[in-house]
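What follows is protein37.csv (CSV, C-alpha atoms).
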```
chain,number,residue,atom,x,y,z
A,1385,MET,CA,11.6,5.4,-12.4
A,1386,LYS,CA,11.8,5.6,-8.7
A,1387,VAL,CA,9.2,7.7,-6.9
A,1388,ILE,CA,9.2,9.4,-3.5
A,1389,SER,CA,6.7,11.8,-2.0
A,1390,VAL,CA,7.3,14.6,0.5
A,1391,VAL,CA,4.2,15.5,2.5
A,1392,GLY,CA,3.5,17.9,5.4
A,1393,TYR,CA,1.4,20.9,6.4
A,1394,LYS,CA,1.6,24.2,4.5
A,1395,LYS,CA,4.8,26.2,5.1
A,1396,SER,CA,6.4,23.2,6.9
A,1397,GLY,CA,9.5,23.1,4.6
A,1398,LYS,CA,8.2,20.7,1.9
A,1399,THR,CA,9.5,22.7,-1.0
A,1400,ALA,CA,13.0,23.2,0.5
A,1401,LEU,CA,13.3,19.5,1.2
A,1402,VAL,CA,12.1,18.6,-2.4
A,1403,SER,CA,14.6,21.1,-3.9
A,1404,ALA,CA,17.4,19.5,-1.9
A,1405,LEU,CA,16.4,16.1,-3.0
A,1406,VAL,CA,16.2,17.1,-6.6
A,1407,ARG,CA,19.7,18.6,-6.5
A,1408,HIS,CA,21.2,15.5,-5.0
A,1409,LEU,CA,19.3,13.0,-7.1
A,1410,SER,CA,20.3,14.8,-10.3
A,1411,GLY,CA,23.8,13.4,-9.6
A,1412,PHE,CA,22.3,9.9,-10.1
A,1413,GLY,CA,20.1,10.5,-13.1
A,1414,THR,CA,17.3,12.6,-14.6
A,1415,VAL,CA,14.7,13.9,-12.2
A,1416,GLY,CA,11.1,15.1,-12.6
A,1417,THR,CA,8.8,16.6,-10.0
A,1418,VAL,CA,5.0,16.7,-9.4
A,1419,LYS,CA,3.5,19.5,-7.2
A,1420,HIS,CA,0.0,19.4,-5.7
A,1421,MET,CA,-1.5,22.9,-6.4
A,1422,GLY,CA,-5.0,22.6,-5.0
A,1423,GLU,CA,-7.5,24.6,-7.0
A,1424,GLN,CA,-5.0,27.1,-8.3
A,1425,ARG,CA,-5.2,27.6,-12.0
A,1426,LEU,CA,-1.8,27.9,-13.9
A,1427,ASN,CA,-3.4,28.5,-17.2
A,1428,PRO,CA,-5.7,31.5,-16.7
A,1429,GLY,CA,-8.4,32.3,-19.2
A,1430,GLU,CA,-7.0,35.7,-20.2
A,1431,THR,CA,-3.9,34.1,-21.7
A,1432,ASP,CA,-3.7,32.7,-25.2
A,1433,THR,CA,-3.2,29.2,-24.0
A,1434,GLY,CA,-6.0,29.6,-21.5
A,1435,ARG,CA,-8.3,30.7,-24.3
A,1436,HIS,CA,-7.4,27.6,-26.3
A,1437,PHE,CA,-8.1,25.5,-23.3
A,1438,ASP,CA,-11.4,27.1,-22.5
A,1439,ALA,CA,-12.4,26.8,-26.2
A,1440,GLY,CA,-12.4,23.0,-25.7
A,1441,ALA,CA,-8.8,21.8,-26.5
A,1442,ASP,CA,-8.1,18.6,-24.5
A,1443,MET,CA,-4.4,19.5,-24.4
A,1444,VAL,CA,-2.6,22.8,-24.9
A,1445,VAL,CA,1.2,23.0,-25.4
A,1446,GLY,CA,3.0,26.4,-25.0
A,1447,ILE,CA,6.6,26.7,-26.3
A,1448,THR,CA,9.0,29.5,-25.3
A,1449,GLY,CA,12.6,30.0,-26.1
A,1450,SER,CA,13.6,27.8,-23.1
A,1451,GLU,CA,10.5,25.9,-22.0
A,1452,LEU,CA,7.7,23.6,-23.2
A,1453,VAL,CA,4.6,23.7,-21.0
A,1454,SER,CA,1.6,21.5,-21.5
A,1455,PHE,CA,-1.9,21.8,-20.0
A,1456,ALA,CA,-4.3,18.8,-20.0
A,1457,ARG,CA,-7.7,18.1,-18.6
A,1458,ASP,CA,-6.9,14.8,-16.8
A,1459,SER,CA,-5.3,16.0,-13.6
A,1460,SER,CA,-4.7,12.7,-11.8
A,1461,LEU,CA,-1.4,11.9,-10.0
A,1462,GLU,CA,-1.1,8.5,-11.8
A,1463,ASN,CA,-1.2,10.2,-15.2
A,1464,ALA,CA,1.4,12.8,-14.2
A,1465,LEU,CA,3.7,10.1,-13.0
A,1466,ASP,CA,3.2,8.0,-16.2
A,1467,MET,CA,4.0,11.1,-18.2
A,1468,LEU,CA,7.3,11.5,-16.4
A,1469,CYS,CA,8.0,7.8,-16.7
A,1470,ASP,CA,7.2,7.9,-20.5
A,1471,ARG,CA,9.9,10.6,-20.8
A,1472,GLY,CA,12.4,8.1,-19.5
A,1473,LEU,CA,13.2,9.9,-16.3
A,1474,ASP,CA,15.0,8.1,-13.5
A,1475,PHE,CA,13.3,9.7,-10.5
A,1476,ALA,CA,10.1,11.5,-9.6
A,1477,VAL,CA,9.8,13.6,-6.5
A,1478,VAL,CA,6.2,14.4,-5.5
A,1479,GLU,CA,5.3,17.3,-3.3
A,1480,GLY,CA,2.0,16.7,-1.6
A,1481,PHE,CA,-0.7,14.1,-2.2
A,1482,LYS,CA,-0.7,12.8,1.3
A,1483,ASP,CA,-3.6,10.4,0.6
A,1484,SER,CA,-1.7,8.6,-2.2
A,1485,ASN,CA,-0.1,5.1,-1.8
A,1486,LEU,CA,3.3,6.4,-2.7
A,1487,PRO,CA,6.3,6.0,-0.3
A,1488,LYS,CA,6.4,9.1,1.8
A,1489,ILE,CA,8.9,11.3,3.6
A,1490,VAL,CA,6.6,13.0,6.2
A,1491,ILE,CA,7.4,16.3,7.9
A,1492,GLU,CA,6.5,16.1,11.6
A,1493,GLY,CA,3.1,17.2,12.6
A,1494,LEU,CA,1.2,15.5,9.9
A,1495,GLU,CA,-0.4,12.3,11.0
A,1496,GLY,CA,-2.7,9.7,9.5
A,1497,VAL,CA,-0.7,9.0,6.3
A,1498,SER,CA,0.3,5.6,4.9
A,1499,ASN,CA,3.5,4.1,3.6
A,1500,VAL,CA,5.8,6.4,5.6
A,1501,VAL,CA,9.5,5.6,5.0
A,1502,PHE,CA,11.0,8.5,7.1
A,1503,ARG,CA,9.9,11.4,9.3
A,1504,VAL,CA,11.8,14.7,9.6
A,1505,PRO,CA,11.3,17.7,11.9
A,1506,ALA,CA,9.4,20.7,10.5
A,1507,ASP,CA,11.5,23.5,9.0
A,1508,ILE,CA,14.7,21.5,9.4
A,1509,ASP,CA,17.6,22.6,7.3
A,1510,PRO,CA,18.1,19.9,4.6
A,1511,HIS,CA,21.8,19.5,5.4
A,1512,GLU,CA,24.1,17.1,3.5
A,1513,GLU,CA,23.9,14.2,5.9
A,1514,LEU,CA,20.1,14.3,6.0
A,1515,THR,CA,19.7,14.7,2.3
A,1516,ALA,CA,22.1,11.8,1.6
A,1517,SER,CA,20.0,9.6,3.8
A,1518,LEU,CA,16.8,10.5,2.0
A,1519,VAL,CA,18.5,10.0,-1.4
A,1520,GLY,CA,19.5,6.5,-0.2
A,1521,MET,CA,15.9,5.8,0.7
A,1522,THR,CA,14.8,7.0,-2.7
A,1523,LEU,CA,17.3,4.8,-4.5
A,1524,ALA,CA,15.9,1.8,-2.5
A,1525,GLN,CA,12.3,2.2,-3.8
A,1526,PRO,CA,10.9,-0.2,-6.4
A,1527,ASP,CA,11.0,1.0,-10.0
A,1528,ARG,CA,7.8,2.2,-11.8
A,1529,TYR,CA,7.6,1.5,-15.5
A,1530,THR,CA,5.4,2.3,-18.4
A,1531,LEU,CA,5.7,0.6,-21.8
A,1532,GLU,CA,7.2,3.7,-23.3
A,1533,ALA,CA,9.8,3.9,-20.6
A,1534,LEU,CA,10.9,0.3,-21.3
A,1535,ILE,CA,11.2,1.0,-25.0
A,1536,LYS,CA,13.4,4.0,-24.2
A,1537,LYS,CA,15.5,1.8,-21.9
A,1538,ALA,CA,16.0,-0.7,-24.7
A,1539,ARG,CA,16.9,2.0,-27.2
A,1540,LYS,CA,19.7,3.3,-24.8
A,1541,ASN,CA,21.4,-0.1,-24.9
A,1542,PRO,CA,24.4,0.1,-27.2
A,1543,VAL,CA,23.5,-3.2,-28.8
A,1544,ILE,CA,20.5,-1.5,-30.3
A,1545,GLN,CA,22.8,-0.6,-33.2
A,1546,LYS,CA,22.5,-4.2,-34.3
A,1547,ALA,CA,18.7,-4.3,-34.0
A,1548,GLY,CA,16.2,-4.4,-36.9
A,1549,ALA,CA,13.1,-4.6,-34.7
A,1550,ILE,CA,11.6,-3.8,-31.3
A,1551,GLY,CA,8.5,-5.8,-30.4
A,1552,THR,CA,6.3,-5.4,-27.3
A,1553,PHE,CA,3.6,-7.3,-25.5
A,1554,THR,CA,1.1,-5.7,-23.1
A,1555,GLY,CA,-1.2,-7.8,-21.0
A,1556,ILE,CA,-4.3,-6.1,-19.8
A,1557,VAL,CA,-7.2,-7.0,-17.4
A,1558,ARG,CA,-9.9,-8.6,-19.6
A,1559,GLU,CA,-13.3,-7.3,-18.5
A,1560,LEU,CA,-15.5,-9.8,-20.3
A,1561,ALA,CA,-14.9,-13.6,-20.5
A,1562,GLY,CA,-18.1,-15.2,-21.8
A,1563,GLU,CA,-20.9,-13.9,-19.6
A,1564,GLU,CA,-18.6,-13.2,-16.6
A,1565,LYS,CA,-17.6,-9.6,-16.0
A,1566,THR,CA,-14.3,-8.9,-14.2
A,1567,ALA,CA,-14.1,-5.7,-12.2
A,1568,ARG,CA,-10.4,-5.9,-11.3
A,1569,LEU,CA,-7.5,-8.2,-10.5
A,1570,GLU,CA,-5.1,-8.1,-7.6
A,1571,PHE,CA,-1.5,-9.5,-8.0
A,1572,GLU,CA,0.9,-10.4,-5.3
A,1573,LYS,CA,4.6,-11.2,-5.8
A,1574,TYR,CA,6.7,-13.5,-3.7
A,1575,GLU,CA,9.8,-11.4,-3.4
A,1576,PRO,CA,12.8,-11.4,-4.0
A,1577,GLU,CA,12.1,-14.7,-5.8
A,1578,ALA,CA,9.7,-13.2,-8.4
A,1579,SER,CA,12.2,-10.7,-9.5
A,1580,LYS,CA,14.9,-13.3,-9.7
A,1581,VAL,CA,12.7,-15.5,-11.9
A,1582,LEU,CA,11.9,-12.6,-14.2
A,1583,ASP,CA,15.6,-11.8,-14.5
A,1584,LYS,CA,16.4,-15.4,-15.3
A,1585,ILE,CA,13.7,-15.6,-18.0
A,1586,GLY,CA,15.0,-12.5,-19.6
A,1587,GLU,CA,18.6,-13.6,-19.5
A,1588,GLU,CA,17.8,-17.0,-21.0
A,1589,ILE,CA,15.8,-15.6,-23.8
A,1590,LYS,CA,18.5,-13.1,-24.5
A,1591,GLN,CA,20.9,-16.0,-25.2
A,1592,LYS,CA,18.9,-17.1,-28.2
A,1593,GLU,CA,20.1,-16.3,-31.7
A,1594,GLY,CA,19.3,-12.7,-32.8
A,1595,ILE,CA,17.9,-11.6,-29.5
A,1596,LEU,CA,19.6,-8.4,-28.3
A,1597,GLU,CA,17.6,-7.1,-25.3
A,1598,VAL,CA,14.8,-8.4,-23.2
A,1599,LEU,CA,12.9,-6.3,-20.6
A,1600,LEU,CA,10.1,-7.6,-18.5
A,1601,HIS,CA,7.9,-5.9,-15.9
A,1602,HIS,CA,4.9,-7.3,-14.1
A,1603,LYS,CA,2.8,-4.9,-11.9
A,1604,THR,CA,1.4,-5.8,-8.5
A,1605,GLY,CA,-1.5,-4.6,-6.4
A,1606,VAL,CA,-5.1,-3.9,-7.6
A,1607,ILE,CA,-5.4,-3.4,-11.4
A,1608,GLU,CA,-8.8,-2.3,-12.8
A,1609,ALA,CA,-10.5,-3.7,-15.9
A,1610,GLY,CA,-8.8,-2.5,-19.0
A,1611,GLU,CA,-5.6,-1.5,-17.3
A,1612,ASP,CA,-2.1,-2.8,-18.0
A,1613,ILE,CA,-0.7,-5.8,-16.1
A,1614,VAL,CA,2.6,-6.9,-17.8
A,1615,TYR,CA,5.0,-5.4,-20.3
A,1616,ILE,CA,7.5,-7.2,-22.4
A,1617,VAL,CA,10.0,-5.4,-24.7
A,1618,ILE,CA,12.4,-7.3,-26.9
A,1619,ALA,CA,14.9,-6.0,-29.4
A,1620,SER,CA,16.1,-8.4,-32.1
A,1621,ALA,CA,18.3,-8.4,-35.2
A,1622,HIS,CA,15.5,-9.6,-37.4
A,1623,ARG,CA,11.7,-9.9,-37.1
A,1624,ALA,CA,11.8,-13.7,-37.5
A,1625,GLU,CA,13.4,-14.1,-34.1
A,1626,LEU,CA,11.2,-11.5,-32.4
A,1627,PHE,CA,7.7,-13.0,-32.3
A,1628,PRO,CA,8.7,-16.5,-30.9
A,1629,ALA,CA,10.7,-14.7,-28.2
A,1630,LEU,CA,7.7,-12.6,-27.2
A,1631,SER,CA,5.5,-15.6,-27.0
A,1632,GLU,CA,8.0,-17.6,-24.9
A,1633,ALA,CA,8.4,-14.7,-22.5
A,1634,ILE,CA,4.8,-14.3,-21.6
A,1635,GLU,CA,4.2,-18.1,-21.4
A,1636,ARG,CA,7.2,-18.5,-19.1
A,1637,ILE,CA,6.1,-15.6,-16.9
A,1638,LYS,CA,2.7,-17.1,-16.4
A,1639,ALA,CA,4.2,-20.6,-15.7
A,1640,GLU,CA,7.3,-19.8,-13.7
A,1641,ALA,CA,7.0,-16.5,-11.8
A,1642,PRO,CA,5.7,-16.7,-8.2
A,1643,ILE,CA,3.0,-14.1,-8.8
A,1644,TRP,CA,-0.5,-14.8,-7.6
A,1645,LYS,CA,-3.7,-13.4,-9.1
A,1646,LYS,CA,-7.0,-12.7,-7.3
A,1647,GLU,CA,-10.0,-12.1,-9.4
A,1648,PHE,CA,-13.0,-9.9,-8.5
A,1649,THR,CA,-16.1,-10.5,-10.6
A,1650,GLU,CA,-19.6,-9.1,-10.2
A,1651,LYS,CA,-20.5,-12.2,-8.2
A,1652,GLU,CA,-17.5,-13.4,-6.3
A,1653,GLU,CA,-13.7,-13.0,-5.6
A,1654,PHE,CA,-11.2,-15.9,-5.7
A,1655,TRP,CA,-7.5,-16.7,-6.0
A,1656,VAL,CA,-7.1,-18.1,-9.5
A,1657,HIS,CA,-4.3,-20.4,-8.5
A,1658,ASP,CA,-6.5,-22.1,-5.9
A,1659,ARG,CA,-9.4,-22.6,-8.4
A,1660,GLU,CA,-7.0,-24.0,-11.1
A,1661,HIS,CA,-5.6,-26.6,-8.7
A,1662,ALA,CA,-8.9,-27.4,-6.9
```
Target format structure tokens, applied to this file:
Amino acid sequence: MKVISVVGYKKSGKTALVSALVRHLSGFGTVGTVKHMGEQRLNPGETDTGRHFDAGADMVVGITGSELVSFARDSSLENALDMLCDRGLDFAVVEGFKDSNLPKIVIEGLEGVSNVVFRVPADIDPHEELTASLVGMTLAQPDRYTLEALIKKARKNPVIQKAGAIGTFTGIVRELAGEEKTARLEFEKYEPEASKVLDKIGEEIKQKEGILEVLLHHKTGVIEAGEDIVYIVIASAHRAELFPALSEAIERIKAEAPIWKKEFTEKEEFWVHDREHA
């Protein structure tokens, strides 16, 4: 899923620009949106769903004749994006969240934001030429994946008709190793070589007998203890071919992909590659 954020001051034209982007992106795939609402409550206490929520429900789902609406207590942007990604959507357009690390289209007047990919004048009419340029920038963004999104992608492959199993591997940040406690890891990729290596590993494993689909994704940046690092999804004709392929995939990613890991413990921080080859 490709993600873009539109940020600007209130009443500067953000919603009009987001709406234009959604209309055009829907021609390339499925689109979800996330809107920053401040302290506004969408599920007031006098409604039935609000009463459920206030009674202590962690999630409330309301179903009408044409909509399904869910209310949950964890209101983080990351969880919202993961939820859209889990649904298998191709794009997410975020309105607001100027302090996030997302790639941003900034409406003029707003300063001090990071990761700006484009600036547009305030209250500009989102005409066809401008919107087409912004769509192109969105299409150029890196893909965000969750494990569920990769499984959905594997299931969309026509060869899944021949599959008898889908297996997955998820690598996470180990917090405790002996007496040493790891707070977080930081990963850097040497691109575009890292992506080429991951593609090569996937294609070579896919040539093995009974292997129908191989999808690999390795995250970058800072990942906290307990969070996911790498996903592997493999579809095979039979379970006998599945487990060796999963094992080969993770071992080859660790050995071949130009991805470097920095570890932050309670006492020190260090690049793992440097220490292993010291």
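Between A:Gln1525 and the candidates A:Trp1644, A:Phe1475, A:Tyr1615, A:Tyr1574, the tightest atom-to-atom separation, counting all atoms listed in the file, involves A:Phe1475.
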Worksheet item: For A:Phe1455, which residue out of A:Glu1570, A:Gly1472, A:Lys1394, A:Thr1433 is the nearest one, using all atoms listed in the file?
Response: A:Thr1433
Discussion item. For A:Asn1427, find every residue with an atom within 12 Å (counting all atoms listed in the file), except residues of its own chain fewer than 4 positions away, and show them as a list in words.
Written reply: Glu1423, Thr1431, Asp1432, Thr1433, Gly1434, Arg1435, His1436, Phe1437, Asp1438, Met1443, Val1444, Val1445, Gly1446, Val1453, Ser1454, Phe1455, Ala1456 and Arg1457 of chain A
Write a file of the just-selected residues containing C-alpha atoms, as an mmCIF file, in the frame of the given file.
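The new file part38.cif reads:
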```
data_model
loop_
_atom_site.group_PDB
_atom_site.id
_atom_site.type_symbol
_atom_site.label_atom_id
_atom_site.label_comp_id
_atom_site.auth_asym_id
_atom_site.auth_seq_id
_atom_site.Cartn_x
_atom_site.Cartn_y
_atom_site.Cartn_z
ATOM 1 C CA GLU A 1423 -7.500 24.600 -7.000
ATOM 2 C CA THR A 1431 -3.900 34.100 -21.700
ATOM 3 C CA ASP A 1432 -3.700 32.700 -25.200
ATOM 4 C CA THR A 1433 -3.200 29.200 -24.000
ATOM 5 C CA GLY A 1434 -6.000 29.600 -21.500
ATOM 6 C CA ARG A 1435 -8.300 30.700 -24.300
ATOM 7 C CA HIS A 1436 -7.400 27.600 -26.300
ATOM 8 C CA PHE A 1437 -8.100 25.500 -23.300
ATOM 9 C CA ASP A 1438 -11.400 27.100 -22.500
ATOM 10 C CA MET A 1443 -4.400 19.500 -24.400
ATOM 11 C CA VAL A 1444 -2.600 22.800 -24.900
ATOM 12 C CA VAL A 1445 1.200 23.000 -25.400
ATOM 13 C CA GLY A 1446 3.000 26.400 -25.000
ATOM 14 C CA VAL A 1453 4.600 23.700 -21.000
ATOM 15 C CA SER A 1454 1.600 21.500 -21.500
ATOM 16 C CA PHE A 1455 -1.900 21.800 -20.000
ATOM 17 C CA ALA A 1456 -4.300 18.800 -20.000
ATOM 18 C CA ARG A 1457 -7.700 18.100 -18.600
#
```
Worksheet item: Using all atoms listed in the file, can you list as a PyMOL selection string the residues within 8 Å of (8.3, 4.3, -4.2)?
Response: chain A and resi 1386-1389+1486-1488+1522+1525-1528
Keeping C-alpha atoms for every residue in the selection just given, could you write it to a file as a compact mmCIF listing (two decimals), in the frame of the given file?
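part.txt was written with the following content:
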```txt
# COMPACT_ATOMS: atom_id res chain seq x y z
CA LYS A 1386 11.80 5.60 -8.70
CA VAL A 1387 9.20 7.70 -6.90
CA ILE A 1388 9.20 9.40 -3.50
CA SER A 1389 6.70 11.80 -2.00
CA LEU A 1486 3.30 6.40 -2.70
CA PRO A 1487 6.30 6.00 -0.30
CA LYS A 1488 6.40 9.10 1.80
CA THR A 1522 14.80 7.00 -2.70
CA GLN A 1525 12.30 2.20 -3.80
CA PRO A 1526 10.90 -0.20 -6.40
CA ASP A 1527 11.00 1.00 -10.00
CA ARG A 1528 7.80 2.20 -11.80
```
Fill in: Exercise: stretch 1560-1563 of chain A partners within 12 Å, all atoms listed in the file, chain neighbours under 3 positions left out, as a list in words
Ile1556, Val1557, Thr1566, Ala1567, Arg1568, Ala1609, Gly1610, Thr1649, Glu1650 and Lys1651 of chain A
File of the preceding selection, C-alpha atoms, as a PDB file, in the coordinates of the input:
```pdb
ATOM      1  CA  ILE A1556      -4.300  -6.100 -19.800  1.00  0.00           C
ATOM      2  CA  VAL A1557      -7.200  -7.000 -17.400  1.00  0.00           C
ATOM      3  CA  THR A1566     -14.300  -8.900 -14.200  1.00  0.00           C
ATOM      4  CA  ALA A1567     -14.100  -5.700 -12.200  1.00  0.00           C
ATOM      5  CA  ARG A1568     -10.400  -5.900 -11.300  1.00  0.00           C
ATOM      6  CA  ALA A1609     -10.500  -3.700 -15.900  1.00  0.00           C
ATOM      7  CA  GLY A1610      -8.800  -2.500 -19.000  1.00  0.00           C
ATOM      8  CA  THR A1649     -16.100 -10.500 -10.600  1.00  0.00           C
ATOM      9  CA  GLU A1650     -19.600  -9.100 -10.200  1.00  0.00           C
ATOM     10  CA  LYS A1651     -20.500 -12.200  -8.200  1.00  0.00           C
TER      11      LYS A1651
END
```
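Closest approach to A:Ala1549 from the set A:Ile1637, A:Leu1452, A:Ile1613, A:Leu1626 is made by A:Leu1626, with distances taken over all atoms listed in the file.
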Worksheet, complete the sentence: From atom CA of A:Glu1559 to atom CA of A:Ile1607 the spacing works out at 11.3 Å
Could you get me a file of stretch 1523-1614 of chain A with C-alpha atoms, as a PDB file, in the first residue's frame, taken from the block above?
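What follows is the written file decode-v3.pdb:
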```pdb
ATOM      1  CA  LEU A1523       2.637   6.061  -7.259  1.00  0.00           C
ATOM      2  CA  ALA A1524       6.380   6.624  -6.747  1.00  0.00           C
ATOM      3  CA  GLN A1525       6.198   6.148  -2.962  1.00  0.00           C
ATOM      4  CA  PRO A1526       7.529   2.918  -1.379  1.00  0.00           C
ATOM      5  CA  ASP A1527       5.024   0.232  -0.481  1.00  0.00           C
ATOM      6  CA  ARG A1528       3.874  -0.371   3.073  1.00  0.00           C
ATOM      7  CA  TYR A1529       3.019  -3.972   3.960  1.00  0.00           C
ATOM      8  CA  THR A1530       1.530  -5.900   6.810  1.00  0.00           C
ATOM      9  CA  LEU A1531       1.591  -9.672   7.016  1.00  0.00           C
ATOM     10  CA  GLU A1532      -2.150  -9.799   6.320  1.00  0.00           C
ATOM     11  CA  ALA A1533      -1.688  -7.624   3.225  1.00  0.00           C
ATOM     12  CA  LEU A1534       0.964  -9.991   1.842  1.00  0.00           C
ATOM     13  CA  ILE A1535      -1.286 -12.995   2.461  1.00  0.00           C
ATOM     14  CA  LYS A1536      -4.104 -11.235   0.589  1.00  0.00           C
ATOM     15  CA  LYS A1537      -1.706 -10.475  -2.262  1.00  0.00           C
ATOM     16  CA  ALA A1538      -0.708 -14.146  -2.463  1.00  0.00           C
ATOM     17  CA  ARG A1539      -4.366 -15.182  -2.518  1.00  0.00           C
ATOM     18  CA  LYS A1540      -5.032 -12.864  -5.483  1.00  0.00           C
ATOM     19  CA  ASN A1541      -2.471 -14.702  -7.609  1.00  0.00           C
ATOM     20  CA  PRO A1542      -4.300 -17.056 -10.014  1.00  0.00           C
ATOM     21  CA  VAL A1543      -1.797 -19.837  -9.204  1.00  0.00           C
ATOM     22  CA  ILE A1544      -3.342 -20.033  -5.732  1.00  0.00           C
ATOM     23  CA  GLN A1545      -5.831 -22.477  -7.276  1.00  0.00           C
ATOM     24  CA  LYS A1546      -3.017 -25.038  -7.213  1.00  0.00           C
ATOM     25  CA  ALA A1547      -1.994 -24.288  -3.613  1.00  0.00           C
ATOM     26  CA  GLY A1548      -2.608 -26.555  -0.666  1.00  0.00           C
ATOM     27  CA  ALA A1549      -0.857 -24.356   1.898  1.00  0.00           C
ATOM     28  CA  ILE A1550       0.249 -20.816   2.673  1.00  0.00           C
ATOM     29  CA  GLY A1551       3.032 -20.462   5.216  1.00  0.00           C
ATOM     30  CA  THR A1552       4.396 -17.305   6.817  1.00  0.00           C
ATOM     31  CA  PHE A1553       7.441 -16.208   8.784  1.00  0.00           C
ATOM     32  CA  THR A1554       7.550 -13.046  10.893  1.00  0.00           C
ATOM     33  CA  GLY A1555      10.826 -11.865  12.385  1.00  0.00           C
ATOM     34  CA  ILE A1556      10.480  -9.568  15.400  1.00  0.00           C
ATOM     35  CA  VAL A1557      12.868  -7.550  17.557  1.00  0.00           C
ATOM     36  CA  ARG A1558      13.983  -9.839  20.393  1.00  0.00           C
ATOM     37  CA  GLU A1559      14.004  -7.834  23.610  1.00  0.00           C
ATOM     38  CA  LEU A1560      15.961 -10.270  25.813  1.00  0.00           C
ATOM     39  CA  ALA A1561      19.059 -12.214  24.762  1.00  0.00           C
ATOM     40  CA  GLY A1562      20.625 -13.680  27.872  1.00  0.00           C
ATOM     41  CA  GLU A1563      21.012 -10.816  30.328  1.00  0.00           C
ATOM     42  CA  GLU A1564      21.204  -8.177  27.598  1.00  0.00           C
ATOM     43  CA  LYS A1565      18.057  -6.116  26.944  1.00  0.00           C
ATOM     44  CA  THR A1566      17.496  -4.616  23.495  1.00  0.00           C
ATOM     45  CA  ALA A1567      15.378  -1.471  23.325  1.00  0.00           C
ATOM     46  CA  ARG A1568      15.180  -1.188  19.542  1.00  0.00           C
ATOM     47  CA  LEU A1569      16.902  -1.905  16.251  1.00  0.00           C
ATOM     48  CA  GLU A1570      17.549   0.361  13.293  1.00  0.00           C
ATOM     49  CA  PHE A1571      17.767  -1.031   9.754  1.00  0.00           C
ATOM     50  CA  GLU A1572      19.253   0.620   6.690  1.00  0.00           C
ATOM     51  CA  LYS A1573      18.905  -0.708   3.136  1.00  0.00           C
ATOM     52  CA  TYR A1574      21.360  -0.104   0.313  1.00  0.00           C
ATOM     53  CA  GLU A1575      18.914   0.656  -2.484  1.00  0.00           C
ATOM     54  CA  PRO A1576      18.088  -0.248  -5.183  1.00  0.00           C
ATOM     55  CA  GLU A1577      20.384  -3.248  -4.662  1.00  0.00           C
ATOM     56  CA  ALA A1578      18.528  -4.511  -1.573  1.00  0.00           C
ATOM     57  CA  SER A1579      15.216  -4.699  -3.421  1.00  0.00           C
ATOM     58  CA  LYS A1580      16.900  -6.419  -6.365  1.00  0.00           C
ATOM     59  CA  VAL A1581      18.397  -9.040  -4.026  1.00  0.00           C
ATOM     60  CA  LEU A1582      15.053  -9.684  -2.326  1.00  0.00           C
ATOM     61  CA  ASP A1583      13.386 -10.069  -5.734  1.00  0.00           C
ATOM     62  CA  LYS A1584      16.132 -12.472  -6.845  1.00  0.00           C
ATOM     63  CA  ILE A1585      15.758 -14.602  -3.714  1.00  0.00           C
ATOM     64  CA  GLY A1586      12.004 -14.772  -4.204  1.00  0.00           C
ATOM     65  CA  GLU A1587      12.243 -15.679  -7.889  1.00  0.00           C
ATOM     66  CA  GLU A1588      14.848 -18.401  -7.301  1.00  0.00           C
ATOM     67  CA  ILE A1589      12.849 -20.012  -4.498  1.00  0.00           C
ATOM     68  CA  LYS A1590       9.743 -19.857  -6.691  1.00  0.00           C
ATOM     69  CA  GLN A1591      11.538 -22.077  -9.229  1.00  0.00           C
ATOM     70  CA  LYS A1592      11.624 -24.969  -6.763  1.00  0.00           C
ATOM     71  CA  GLU A1593       9.239 -27.869  -7.134  1.00  0.00           C
ATOM     72  CA  GLY A1594       5.811 -27.137  -5.679  1.00  0.00           C
ATOM     73  CA  ILE A1595       6.473 -23.477  -4.786  1.00  0.00           C
ATOM     74  CA  LEU A1596       3.832 -21.228  -6.340  1.00  0.00           C
ATOM     75  CA  GLU A1597       4.335 -17.775  -4.807  1.00  0.00           C
ATOM     76  CA  VAL A1598       7.007 -16.079  -2.688  1.00  0.00           C
ATOM     77  CA  LEU A1599       6.559 -12.620  -1.165  1.00  0.00           C
ATOM     78  CA  LEU A1600       9.263 -10.950   0.947  1.00  0.00           C
ATOM     79  CA  HIS A1601       9.242  -7.659   2.837  1.00  0.00           C
ATOM     80  CA  HIS A1602      11.914  -6.231   5.150  1.00  0.00           C
ATOM     81  CA  LYS A1603      11.206  -3.011   7.054  1.00  0.00           C
ATOM     82  CA  THR A1604      13.692  -0.175   7.496  1.00  0.00           C
ATOM     83  CA  GLY A1605      14.124   2.548  10.066  1.00  0.00           C
ATOM     84  CA  VAL A1606      13.788   2.247  13.839  1.00  0.00           C
ATOM     85  CA  ILE A1607      11.823  -0.774  15.084  1.00  0.00           C
ATOM     86  CA  GLU A1608      11.029  -1.113  18.763  1.00  0.00           C
ATOM     87  CA  ALA A1609      11.381  -4.280  20.873  1.00  0.00           C
ATOM     88  CA  GLY A1610       8.621  -6.756  20.064  1.00  0.00           C
ATOM     89  CA  GLU A1611       7.718  -5.139  16.738  1.00  0.00           C
ATOM     90  CA  ASP A1612       7.877  -6.834  13.328  1.00  0.00           C
ATOM     91  CA  ILE A1613      10.991  -6.679  11.144  1.00  0.00           C
ATOM     92  CA  VAL A1614      10.514  -9.037   8.209  1.00  0.00           C
TER      93      VAL A1614
END
```
